[in-house]
Amino acid sequence: MRMSKLVRTGADLLYPFALIFGLYIILHGHLTPGGGFQGGAVVATGAAIVIVAWAYEDVAGMIRKVTMKAQESAGLLLFIGAAALALGLGYAFFYNVLANSGSLFGLSVPFGPNPGELNTAGVIPIMNIAVGIEVWGGLTVILLYLLSGLNKKEEGS
Amino acid sequence: MKRGLILLTFAILAGGLLLIPALLDFGVPAFSDMDDYFLSNGQEQTAANNIVTAVVFDYRGFDTLGESVVLFTAVVGVGLMFRRMLKEEEYEDE
């Protein structure tokens, strides 16, 4: 069941902006309000607009369940891996080994209010990206399952 | 009679719920050492400007791990339920 052409065009126009805004929230999680959960939810909302505006059969080839499930599992594995990184280096689980180390995401920040630098905060951005990928995949899978059932019910009745 | 009893019970419960915040002093939050600790040491220890993210992903990392696992379990549950419903047509696409 498709919606009208206006709604479909609007959804097509909104989708890339929702995608970019969600990815921005995920990547700047350690600087601005938001983070992995919120950014992933924004990206999944963009997918929800497209799925609702078009019929499920139209988007099933582009936003695939297999990809989204793999993305969700990969996000959770990356999160646990980033937490277990400290175990391999001899620290406690979830210890922030990359913070203030000078390597990837390793710059220090001065105390107090400051404009902020993207290349800081150690493993926190990595965990944000991991959780963002996981929430993106998980919520999109739930939406795909729910909306595919909805469309089938309407066709049958 | 029964309806009045239900309304009375509801009124007592709602009044009790509203009584607790009414007895507390307004504008005086409970004192906690942890928020001062996070505010004074968070930027130095985690190098993150967003203290909320530093607490969620660093100091309280295990809670976030549990949250992620809860979401994963929810998706697995939805997938199990709907896979049985859609089995006839869509099983090959999965």
# chains A, B, ... in the order shown; residues from 1 in each chain; ligands from 1
>>> interface_residues(of="chain A", to="chain B", cutoff="7 Å", atoms="only C-alpha atoms", output="ChimeraX atom specification")
/A:29-32,65-66,76,94,96,99-100,108-109,111,116,120-121,124,138,142,145
>>> select_by_dssp(residues="chain B", states="alpha helix (DSSP H)", output="NGL selection string")
:B and (2-23 or 33-46 or 51-54 or 61-85 or 87-90)
>>> atom_distance(atom1="CA of Leu107 in chain A", atom2="CA of Tyr95 in chain A")
16.6 Å
>>> residues_around(residues="Asn128 in chain A", least_positions_apart="3", cutoff="8 Å", atoms="only C-alpha atoms", output="list of chain:residue names")
A:Ile26, A:Leu27, A:Gly29, A:Gly35, A:Gly36, A:Phe37, A:Ile124, A:Pro125, A:Val131, A:Gly132, B:Phe57
>>> closest_residue(among="A:Leu6, A:Thr140, A:Glu134, A:Leu146", to="Gln71 in chain A", atoms="only C-alpha atoms")
A:Glu134
>>> atom_distance(atom1="CA of Ala14 in chain B", atom2="CA of Ser32 in chain B")
29.0 Å
>>> residues_around(residues="Ala18 in chain A", least_positions_apart="5", cutoff="9 Å", atoms="only C-alpha atoms", output="PDB file with all heavy atoms, in the first residue's frame")
ATOM      1  N   LEU A  23      23.950  10.209  11.826  1.00  0.00           N
ATOM      2  CA  LEU A  23      25.373   9.880  11.879  1.00  0.00           C
ATOM      3  C   LEU A  23      26.167  10.981  12.571  1.00  0.00           C
ATOM      4  O   LEU A  23      27.132  10.700  13.291  1.00  0.00           O
ATOM      5  CB  LEU A  23      25.907   9.651  10.459  1.00  0.00           C
ATOM      6  CG  LEU A  23      25.375   8.398   9.783  1.00  0.00           C
ATOM      7  CD1 LEU A  23      25.883   8.298   8.364  1.00  0.00           C
ATOM      8  CD2 LEU A  23      25.790   7.171  10.563  1.00  0.00           C
ATOM      9  N   VAL A  42      17.567   8.066  15.444  1.00  0.00           N
ATOM     10  CA  VAL A  42      17.263   9.039  14.376  1.00  0.00           C
ATOM     11  C   VAL A  42      17.407   8.387  13.007  1.00  0.00           C
ATOM     12  O   VAL A  42      16.554   8.570  12.119  1.00  0.00           O
ATOM     13  CB  VAL A  42      18.181  10.276  14.518  1.00  0.00           C
ATOM     14  CG1 VAL A  42      18.072  11.151  13.292  1.00  0.00           C
ATOM     15  CG2 VAL A  42      17.818  11.068  15.741  1.00  0.00           C
ATOM     16  N   VAL A  43      18.477   7.606  12.816  1.00  0.00           N
ATOM     17  CA  VAL A  43      18.677   6.949  11.530  1.00  0.00           C
ATOM     18  C   VAL A  43      17.548   5.963  11.252  1.00  0.00           C
ATOM     19  O   VAL A  43      17.021   5.889  10.130  1.00  0.00           O
ATOM     20  CB  VAL A  43      20.047   6.248  11.507  1.00  0.00           C
ATOM     21  CG1 VAL A  43      20.235   5.505  10.220  1.00  0.00           C
ATOM     22  CG2 VAL A  43      21.150   7.259  11.664  1.00  0.00           C
ATOM     23  N   ALA A  44      17.149   5.213  12.297  1.00  0.00           N
ATOM     24  CA  ALA A  44      16.046   4.265  12.114  1.00  0.00           C
ATOM     25  C   ALA A  44      14.743   4.990  11.807  1.00  0.00           C
ATOM     26  O   ALA A  44      13.889   4.466  11.070  1.00  0.00           O
ATOM     27  CB  ALA A  44      15.886   3.398  13.356  1.00  0.00           C
ATOM     28  N   THR A  45      14.574   6.210  12.342  1.00  0.00           N
ATOM     29  CA  THR A  45      13.389   6.996  12.016  1.00  0.00           C
ATOM     30  C   THR A  45      13.369   7.361  10.535  1.00  0.00           C
ATOM     31  O   THR A  45      12.313   7.337   9.901  1.00  0.00           O
ATOM     32  CB  THR A  45      13.356   8.272  12.872  1.00  0.00           C
ATOM     33  OG1 THR A  45      13.581   7.914  14.216  1.00  0.00           O
ATOM     34  CG2 THR A  45      12.037   8.958  12.747  1.00  0.00           C
ATOM     35  N   GLY A  46      14.560   7.712   9.989  1.00  0.00           N
ATOM     36  CA  GLY A  46      14.638   7.979   8.561  1.00  0.00           C
ATOM     37  C   GLY A  46      14.203   6.778   7.743  1.00  0.00           C
ATOM     38  O   GLY A  46      13.461   6.914   6.757  1.00  0.00           O
ATOM     39  N   ALA A  47      14.658   5.585   8.145  1.00  0.00           N
ATOM     40  CA  ALA A  47      14.214   4.376   7.451  1.00  0.00           C
ATOM     41  C   ALA A  47      12.712   4.182   7.609  1.00  0.00           C
ATOM     42  O   ALA A  47      12.035   3.742   6.666  1.00  0.00           O
ATOM     43  CB  ALA A  47      14.972   3.160   7.988  1.00  0.00           C
TER      44      ALA A  47
END
>>> atom_distance(atom1="CA of Leu14 in chain A", atom2="CA of Glu117 in chain A")
29.0 Å
